[in-house]
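File shown: model_4.cif. Contents: mmCIF, C-alpha atoms.
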```
data_start
loop_
_atom_site.group_PDB
_atom_site.id
_atom_site.type_symbol
_atom_site.label_atom_id
_atom_site.label_comp_id
_atom_site.auth_asym_id
_atom_site.auth_seq_id
_atom_site.Cartn_x
_atom_site.Cartn_y
_atom_site.Cartn_z
ATOM 1 C CA MET J 48 41.846 -29.989 12.943
ATOM 2 C CA THR J 49 42.527 -32.661 15.515
ATOM 3 C CA LYS J 50 41.822 -36.333 14.968
ATOM 4 C CA TYR J 51 38.639 -36.062 17.067
ATOM 5 C CA ILE J 52 36.900 -33.453 14.901
ATOM 6 C CA LYS J 53 35.539 -34.671 11.565
ATOM 7 C CA ASN J 54 33.167 -32.686 9.325
ATOM 8 C CA GLN J 55 32.598 -30.032 12.001
ATOM 9 C CA HIS J 56 31.439 -32.773 14.380
ATOM 10 C CA PHE J 57 33.081 -34.036 17.592
ATOM 11 C CA THR J 58 32.087 -37.324 19.253
ATOM 12 C CA TYR J 59 33.743 -38.875 22.297
ATOM 13 C CA ALA J 60 32.613 -42.034 24.122
ATOM 14 C CA LEU J 61 32.772 -41.123 27.803
ATOM 15 C CA ARG J 62 32.145 -44.564 29.301
ATOM 16 C CA SER J 63 30.184 -47.762 28.968
ATOM 17 C CA TYR J 64 26.542 -47.549 29.932
ATOM 18 C CA PHE J 65 26.661 -50.714 32.042
ATOM 19 C CA PRO J 66 29.319 -51.636 34.642
ATOM 20 C CA LEU J 67 31.889 -54.337 33.904
ATOM 21 C CA PRO J 68 30.145 -57.259 35.693
ATOM 22 C CA VAL J 69 26.957 -56.634 33.696
ATOM 23 C CA ARG J 70 28.959 -56.426 30.448
ATOM 24 C CA LEU J 71 30.612 -59.764 31.260
ATOM 25 C CA VAL J 72 27.165 -61.310 31.653
ATOM 26 C CA GLY J 73 26.312 -59.751 28.285
ATOM 27 C CA TRP J 74 29.285 -61.513 26.664
ATOM 28 C CA VAL J 75 28.174 -64.812 28.190
ATOM 29 C CA MET J 76 24.681 -64.217 26.780
ATOM 30 C CA ILE J 77 26.035 -63.452 23.311
ATOM 31 C CA ILE J 78 28.279 -66.526 23.187
ATOM 32 C CA GLY J 79 25.922 -68.957 24.920
ATOM 33 C CA PHE J 80 22.708 -68.083 23.131
ATOM 34 C CA THR J 81 24.397 -67.793 19.725
ATOM 35 C CA TYR J 82 25.805 -71.288 20.233
ATOM 36 C CA GLN J 83 22.365 -72.520 21.338
ATOM 37 C CA THR J 84 20.763 -70.972 18.234
ATOM 38 C CA ILE J 85 23.242 -72.744 15.962
ATOM 39 C CA ALA J 86 23.090 -76.067 17.829
ATOM 40 C CA ASP J 87 19.277 -76.296 18.047
ATOM 41 C CA PHE J 88 18.389 -74.367 14.865
ATOM 42 C CA ASN J 89 15.961 -72.374 17.000
ATOM 43 C CA PRO J 90 15.892 -68.607 16.251
ATOM 44 C CA ILE J 91 14.136 -67.814 19.562
ATOM 45 C CA PHE J 92 17.559 -67.916 21.231
ATOM 46 C CA LEU J 93 18.638 -64.913 19.150
ATOM 47 C CA LEU J 94 16.570 -62.564 21.348
ATOM 48 C CA PRO J 95 18.725 -63.056 24.480
ATOM 49 C CA ALA J 96 21.860 -62.872 22.285
ATOM 50 C CA LEU J 97 20.671 -59.503 20.931
ATOM 51 C CA LEU J 98 20.032 -58.347 24.488
ATOM 52 C CA GLY J 99 23.642 -59.277 25.232
ATOM 53 C CA VAL J 100 24.780 -57.122 22.286
ATOM 54 C CA LEU J 101 22.783 -54.208 23.726
ATOM 55 C CA VAL J 102 24.444 -54.638 27.133
ATOM 56 C CA VAL J 103 27.995 -55.062 25.827
ATOM 57 C CA PHE J 104 28.143 -52.374 23.141
ATOM 58 C CA SER J 105 26.093 -49.519 24.646
ATOM 59 C CA LYS J 106 27.989 -46.369 25.655
ATOM 60 C CA ILE J 107 27.409 -42.866 26.961
ATOM 61 C CA SER J 108 28.927 -40.326 24.578
ATOM 62 C CA ALA J 109 29.363 -36.586 24.237
ATOM 63 C CA GLN J 110 28.744 -34.987 20.846
ATOM 64 C CA VAL J 111 29.424 -31.427 19.707
ATOM 65 C CA ASP J 112 28.177 -29.995 16.421
ATOM 66 C CA LEU J 113 30.549 -27.104 15.683
ATOM 67 C CA ARG J 114 28.578 -25.797 12.710
ATOM 68 C CA LEU J 115 25.252 -25.440 14.586
ATOM 69 C CA LYS J 116 26.924 -24.782 17.986
ATOM 70 C CA LEU J 117 24.999 -27.543 19.784
ATOM 71 C CA TYR J 118 26.030 -30.366 22.111
ATOM 72 C CA ARG J 119 24.415 -33.425 23.636
ATOM 73 C CA PHE J 120 25.106 -36.363 25.892
ATOM 74 C CA THR J 121 23.908 -39.508 24.192
ATOM 75 C CA PHE J 122 23.158 -43.156 24.656
ATOM 76 C CA SER J 123 24.964 -44.812 21.758
ATOM 77 C CA LEU J 124 24.758 -48.334 20.431
ATOM 78 C CA LEU J 125 26.819 -49.524 17.475
ATOM 79 C CA GLY J 126 27.157 -46.027 16.000
ATOM 80 C CA TRP J 127 23.543 -44.969 16.591
ATOM 81 C CA HIS J 128 23.196 -42.001 18.993
ATOM 82 C CA SER J 129 20.126 -40.827 20.881
ATOM 83 C CA GLY J 130 19.938 -37.656 22.950
ATOM 84 C CA LYS J 131 18.585 -34.101 23.042
ATOM 85 C CA TRP J 132 20.642 -31.336 21.436
ATOM 86 C CA ILE J 133 21.393 -28.349 23.699
ATOM 87 C CA SER J 134 22.601 -24.897 22.669
ATOM 88 C CA PHE J 135 25.926 -23.548 23.933
ATOM 89 C CA ASP J 136 24.136 -20.391 25.163
ATOM 90 C CA ARG J 137 24.194 -21.602 28.784
ATOM 91 C CA VAL J 138 27.903 -22.501 28.697
ATOM 92 C CA GLU J 139 30.195 -19.768 30.052
ATOM 93 C CA TYR J 140 33.586 -21.277 29.211
ATOM 94 C CA LEU J 141 35.629 -24.444 28.676
ATOM 95 C CA ASN J 142 37.934 -25.711 31.396
ATOM 96 C CA ILE J 143 40.997 -27.900 30.735
ATOM 97 C CA PHE J 144 41.785 -29.512 34.057
ATOM 98 C CA PRO J 145 44.370 -32.158 35.049
ATOM 99 C CA THR J 146 43.243 -34.522 37.774
ATOM 100 C CA ARG J 147 44.282 -37.682 39.535
ATOM 101 C CA THR J 148 41.859 -40.543 39.713
ATOM 102 C CA SER J 149 42.076 -43.422 42.139
ATOM 103 C CA GLN J 150 40.183 -46.631 42.614
ATOM 104 C CA ARG J 151 40.382 -48.907 45.648
ATOM 105 C CA ILE J 152 40.098 -52.617 45.075
ATOM 106 C CA GLY J 153 39.903 -54.783 48.163
ATOM 107 C CA SER J 154 39.222 -58.293 49.282
ATOM 108 C CA TYR J 155 37.168 -58.983 52.374
ATOM 109 C CA GLN J 156 38.608 -62.479 52.652
ATOM 110 C CA THR J 157 42.289 -61.525 52.747
ATOM 111 C CA GLY J 158 41.984 -57.925 53.888
ATOM 112 C CA ALA J 159 44.327 -56.802 51.106
ATOM 113 C CA ILE J 160 43.590 -53.463 49.506
ATOM 114 C CA THR J 161 45.094 -52.173 46.289
ATOM 115 C CA GLU J 162 44.725 -48.613 45.151
ATOM 116 C CA LEU J 163 45.065 -47.831 41.445
ATOM 117 C CA LYS J 164 46.001 -44.230 40.650
ATOM 118 C CA ASP J 165 45.971 -42.588 37.253
ATOM 119 C CA PHE J 166 46.491 -39.134 35.770
ATOM 120 C CA GLU J 167 44.012 -37.680 33.299
ATOM 121 C CA VAL J 168 43.233 -34.328 31.737
ATOM 122 C CA ARG J 169 39.568 -33.425 31.297
ATOM 123 C CA ILE J 170 37.774 -30.850 29.188
ATOM 124 C CA ASN J 171 34.699 -29.559 31.010
ATOM 125 C CA LEU J 172 31.829 -27.320 29.994
ATOM 126 C CA ILE J 173 31.266 -24.761 32.784
ATOM 127 C CA TYR J 174 27.816 -23.166 33.165
ATOM 128 C CA SER J 175 26.813 -19.902 34.849
ATOM 129 C CA ASN J 176 25.760 -21.739 38.032
ATOM 130 C CA ARG J 177 29.248 -23.385 38.180
ATOM 131 C CA LYS J 178 27.806 -26.734 37.141
ATOM 132 C CA ARG J 179 30.214 -28.726 34.962
ATOM 133 C CA ASP J 180 29.924 -31.506 32.416
ATOM 134 C CA MET J 181 32.936 -33.452 31.177
ATOM 135 C CA ILE J 182 33.043 -33.846 27.390
ATOM 136 C CA PHE J 183 36.562 -35.282 26.942
ATOM 137 C CA SER J 184 39.213 -37.112 28.929
ATOM 138 C CA THR J 185 42.754 -38.197 28.018
ATOM 139 C CA ASN J 186 46.134 -38.937 29.593
ATOM 140 C CA SER J 187 47.945 -36.392 27.390
ATOM 141 C CA SER J 188 48.003 -32.718 28.388
ATOM 142 C CA ASN J 189 48.985 -31.611 24.877
ATOM 143 C CA GLU J 190 46.139 -33.549 23.275
ATOM 144 C CA ALA J 191 43.555 -32.038 25.639
ATOM 145 C CA LEU J 192 45.035 -28.565 25.239
ATOM 146 C CA ASN J 193 44.962 -28.728 21.428
ATOM 147 C CA LEU J 194 41.378 -30.017 21.357
ATOM 148 C CA GLY J 195 40.217 -27.514 24.003
ATOM 149 C CA MET J 196 41.725 -24.590 22.111
ATOM 150 C CA GLU J 197 40.185 -25.761 18.847
ATOM 151 C CA LEU J 198 36.749 -26.188 20.451
ATOM 152 C CA GLY J 199 37.037 -22.763 22.094
ATOM 153 C CA GLU J 200 37.966 -21.147 18.788
ATOM 154 C CA HIS J 201 35.112 -22.792 16.841
ATOM 155 C CA LEU J 202 32.483 -22.165 19.523
ATOM 156 C CA LYS J 203 33.714 -18.677 20.506
ATOM 157 C CA LEU J 204 34.077 -19.731 24.159
ATOM 158 C CA ASP J 205 36.839 -18.680 26.538
ATOM 159 C CA VAL J 206 39.151 -21.467 27.692
ATOM 160 C CA TYR J 207 40.539 -21.699 31.225
ATOM 161 C CA ASP J 208 43.762 -23.698 30.950
ATOM 162 C CA CYS J 209 44.905 -25.333 34.209
ATOM 163 C CA THR J 210 47.530 -27.640 32.665
ATOM 164 C CA GLY J 211 50.617 -25.436 33.030
ATOM 165 C CA GLU J 212 52.552 -24.060 35.988
ATOM 166 C CA GLU J 213 50.117 -21.155 36.181
ATOM 167 C CA ASN J 214 46.455 -21.168 35.218
ATOM 168 C CA ARG J 215 45.648 -18.902 32.291
ATOM 169 C CA TRP J 216 42.659 -17.621 30.352
ATOM 170 C CA VAL J 217 42.549 -17.823 26.560
ATOM 171 C CA ARG J 218 39.918 -15.459 25.178
ATOM 172 C CA PHE J 219 38.044 -16.309 21.982
ATOM 173 C CA LYS J 220 34.946 -14.094 22.425
#
```
For this file, produce the structure as structure tokens.
Amino acid sequence: MTKYIKNQHFTYALRSYFPLPVRLVGWVMIIGFTYQTIADFNPIFLLPALLGVLVVFSKISAQVDLRLKLYRFTFSLLGWHSGKWISFDRVEYLNIFPTRTSQRIGSYQTGAITELKDFEVRINLIYSNRKRDMIFSTNSSNEALNLGMELGEHLKLDVYDCTGEENRWVRFK
């Protein structure tokens, strides 16, 4: 078993629920209102501090239950997950796909533009209508390949591996 699968359960935090500027405001709320609560001995300031905790620590996650063969995309906060479980019946196969991501950061004042490029390997669930949902992302091809093969074996789904020189199918059905 890989380090991601524990007790027949796989959980991966895909991204933060709120964008970075909102999370920074959340940190300011946590620090400022906690200080205000301590300084004034007024517990009413804990409410905005708790709102800051919600903003900073909330994530969108993917969970797979290998024993029951269900998955869900969740809103998670401090280890608590909320989301509807979905059966793997609609999923045709798993896809392990390397991709390049890029992000442009520019300044209107100076006109300078910087482009950040990165390499990542994603594991996608592919449905019959060719819709896809990403359940895992990493920078290591071997890590994604090992996890994808293990998920395919447990869930009895075929795996389409696009990480090598030639794309190949691995059949588990």
Result set, the PyMOL selection byres ((chain J and resi 74) around 12) on current file, as a PDB file with C-alpha atoms, in the frame of the given file:
```
ATOM      1  CA  LEU J  67      31.889 -54.337  33.904  1.00  0.00           C
ATOM      2  CA  PRO J  68      30.145 -57.259  35.693  1.00  0.00           C
ATOM      3  CA  VAL J  69      26.957 -56.634  33.696  1.00  0.00           C
ATOM      4  CA  ARG J  70      28.959 -56.426  30.448  1.00  0.00           C
ATOM      5  CA  LEU J  71      30.612 -59.764  31.260  1.00  0.00           C
ATOM      6  CA  VAL J  72      27.165 -61.310  31.653  1.00  0.00           C
ATOM      7  CA  GLY J  73      26.312 -59.751  28.285  1.00  0.00           C
ATOM      8  CA  VAL J  75      28.174 -64.812  28.190  1.00  0.00           C
ATOM      9  CA  MET J  76      24.681 -64.217  26.780  1.00  0.00           C
ATOM     10  CA  ILE J  77      26.035 -63.452  23.311  1.00  0.00           C
ATOM     11  CA  ILE J  78      28.279 -66.526  23.187  1.00  0.00           C
ATOM     12  CA  GLY J  79      25.922 -68.957  24.920  1.00  0.00           C
ATOM     13  CA  PHE J  80      22.708 -68.083  23.131  1.00  0.00           C
ATOM     14  CA  THR J  81      24.397 -67.793  19.725  1.00  0.00           C
ATOM     15  CA  PRO J  95      18.725 -63.056  24.480  1.00  0.00           C
ATOM     16  CA  ALA J  96      21.860 -62.872  22.285  1.00  0.00           C
ATOM     17  CA  LEU J  97      20.671 -59.503  20.931  1.00  0.00           C
ATOM     18  CA  LEU J  98      20.032 -58.347  24.488  1.00  0.00           C
ATOM     19  CA  GLY J  99      23.642 -59.277  25.232  1.00  0.00           C
ATOM     20  CA  VAL J 100      24.780 -57.122  22.286  1.00  0.00           C
ATOM     21  CA  LEU J 101      22.783 -54.208  23.726  1.00  0.00           C
ATOM     22  CA  VAL J 102      24.444 -54.638  27.133  1.00  0.00           C
ATOM     23  CA  VAL J 103      27.995 -55.062  25.827  1.00  0.00           C
ATOM     24  CA  PHE J 104      28.143 -52.374  23.141  1.00  0.00           C
TER      25      PHE J 104
END
```
>> Running the PyMOL selection byres ((chain J and resi 170-183) around 9) on this model by hand, what would come out? Give it as a PyMOL selection string.
In response: chain J and resi 58-61+108-111+120+137-145+168-169+184-185+191-192+194-195
>> Please compute the atom CA of Leu113 of chain J-atom CA of Asn54 of chain J distance, one decimal, in Å.
In response: 8.9 Å
>> To one decimal place in Å, what is the distance between atom CA of Ile133 of chain J and atom CA of Arg119 of chain J?
In response: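 Atom-to-atom, atom CA of Ile133 of chain J and atom CA of Arg119 of chain J are spaced 5.9 Å apart.
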Do a neighbour search on Met196 of chain J at 12 Å with only C-alpha atoms, toss out local chain neighbours closer than 3 positions, and write the hits as a compact mmCIF listing (two decimals) with C-alpha atoms, in the coordinates of the input.
```
# COMPACT_ATOMS: atom_id res chain seq x y z
CA MET J 48 41.85 -29.99 12.94
CA THR J 49 42.53 -32.66 15.52
CA TYR J 140 33.59 -21.28 29.21
CA LEU J 141 35.63 -24.44 28.68
CA ASN J 142 37.93 -25.71 31.40
CA ILE J 143 41.00 -27.90 30.74
CA ILE J 170 37.77 -30.85 29.19
CA ASN J 189 48.98 -31.61 24.88
CA GLU J 190 46.14 -33.55 23.28
CA ALA J 191 43.56 -32.04 25.64
CA LEU J 192 45.04 -28.56 25.24
CA ASN J 193 44.96 -28.73 21.43
CA GLY J 199 37.04 -22.76 22.09
CA GLU J 200 37.97 -21.15 18.79
CA HIS J 201 35.11 -22.79 16.84
CA LEU J 202 32.48 -22.16 19.52
CA LYS J 203 33.71 -18.68 20.51
CA LEU J 204 34.08 -19.73 24.16
CA ASP J 205 36.84 -18.68 26.54
CA VAL J 206 39.15 -21.47 27.69
CA TYR J 207 40.54 -21.70 31.22
CA ASP J 208 43.76 -23.70 30.95
CA TRP J 216 42.66 -17.62 30.35
CA VAL J 217 42.55 -17.82 26.56
CA ARG J 218 39.92 -15.46 25.18
CA PHE J 219 38.04 -16.31 21.98
```
> Of the candidates J:Arg215, J:Lys131, J:Arg147, J:Lys106, which shows the shortest atom-to-atom distance to Phe65 of chain J, using only C-alpha atoms?
Replying inline: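 Closest residue, counting only C-alpha atoms: J:Lys106.
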> Quick one, how far is atom CA of Gly153 of chain J from atom CA of Pro66 of chain J?
Replying inline: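 So the answer is 17.5 Å.
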>> Applying the PyMOL selection byres ((chain J and resi 148) around 8) to the file I just gave you, which residues come out? Please list them as an NGL selection string.
In response: :J and (146-147 or 149-150 or 164-167)
> Looking at J:Arg151, J:Asp112, J:Phe135, J:Thr121, which one is nearest to Lys53 of chain J, with distances taken over all atoms listed in the file?
Replying inline: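 Of the candidates, the smallest distance to Lys53 of chain J is held by J:Asp112.
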> Closest to Ile52 of chain J among J:Phe122, J:Arg114, J:Tyr64, J:Ala159, using all atoms listed in the file?
Replying inline: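 The shortest atom-to-atom distance to Ile52 of chain J comes from J:Arg114.
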> Taking all atoms listed in the file into account, which of J:Gln55, J:Ser134, J:Ser188, J:Ser63 comes nearest Lys116 of chain J?
Replying inline: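 Nearest to Lys116 of chain J: J:Ser134.
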Repaired coordinates for segment 180-191 of chain J (N, CA and C atoms) as an mmCIF file, in the frame of the given file:
```
data_model
loop_
_atom_site.group_PDB
_atom_site.id
_atom_site.type_symbol
_atom_site.label_atom_id
_atom_site.label_comp_id
_atom_site.auth_asym_id
_atom_site.auth_seq_id
_atom_site.Cartn_x
_atom_site.Cartn_y
_atom_site.Cartn_z
ATOM 1 N N ASP J 180 30.105 -30.241 33.111
ATOM 2 C CA ASP J 180 29.924 -31.506 32.416
ATOM 3 C C ASP J 180 31.202 -31.833 31.673
ATOM 4 N N MET J 181 31.724 -33.031 31.870
ATOM 5 C CA MET J 181 32.936 -33.452 31.177
ATOM 6 C C MET J 181 32.571 -33.912 29.767
ATOM 7 N N ILE J 182 33.290 -33.410 28.763
ATOM 8 C CA ILE J 182 33.043 -33.846 27.390
ATOM 9 C C ILE J 182 34.232 -34.603 26.803
ATOM 10 N N PHE J 183 35.390 -34.600 27.485
ATOM 11 C CA PHE J 183 36.562 -35.282 26.942
ATOM 12 C C PHE J 183 37.522 -35.596 28.078
ATOM 13 N N SER J 184 38.223 -36.704 27.937
ATOM 14 C CA SER J 184 39.213 -37.112 28.929
ATOM 15 C C SER J 184 40.350 -37.845 28.226
ATOM 16 N N THR J 185 41.588 -37.548 28.604
ATOM 17 C CA THR J 185 42.754 -38.197 28.018
ATOM 18 C C THR J 185 43.894 -38.196 29.037
ATOM 19 N N ASN J 186 44.951 -38.933 28.733
ATOM 20 C CA ASN J 186 46.134 -38.937 29.593
ATOM 21 C C ASN J 186 47.183 -37.941 29.118
ATOM 22 N N SER J 187 46.973 -37.306 27.982
ATOM 23 C CA SER J 187 47.945 -36.392 27.390
ATOM 24 C C SER J 187 47.498 -34.941 27.552
ATOM 25 N N SER J 188 48.323 -34.138 28.208
ATOM 26 C CA SER J 188 48.003 -32.718 28.388
ATOM 27 C C SER J 188 47.966 -31.987 27.050
ATOM 28 N N ASN J 189 48.932 -32.299 26.173
ATOM 29 C CA ASN J 189 48.985 -31.611 24.877
ATOM 30 C C ASN J 189 47.756 -31.912 24.031
ATOM 31 N N GLU J 190 47.314 -33.152 24.045
ATOM 32 C CA GLU J 190 46.139 -33.549 23.275
ATOM 33 C C GLU J 190 44.895 -32.797 23.760
ATOM 34 N N ALA J 191 44.706 -32.747 25.075
ATOM 35 C CA ALA J 191 43.555 -32.038 25.639
ATOM 36 C C ALA J 191 43.652 -30.543 25.369
#
```
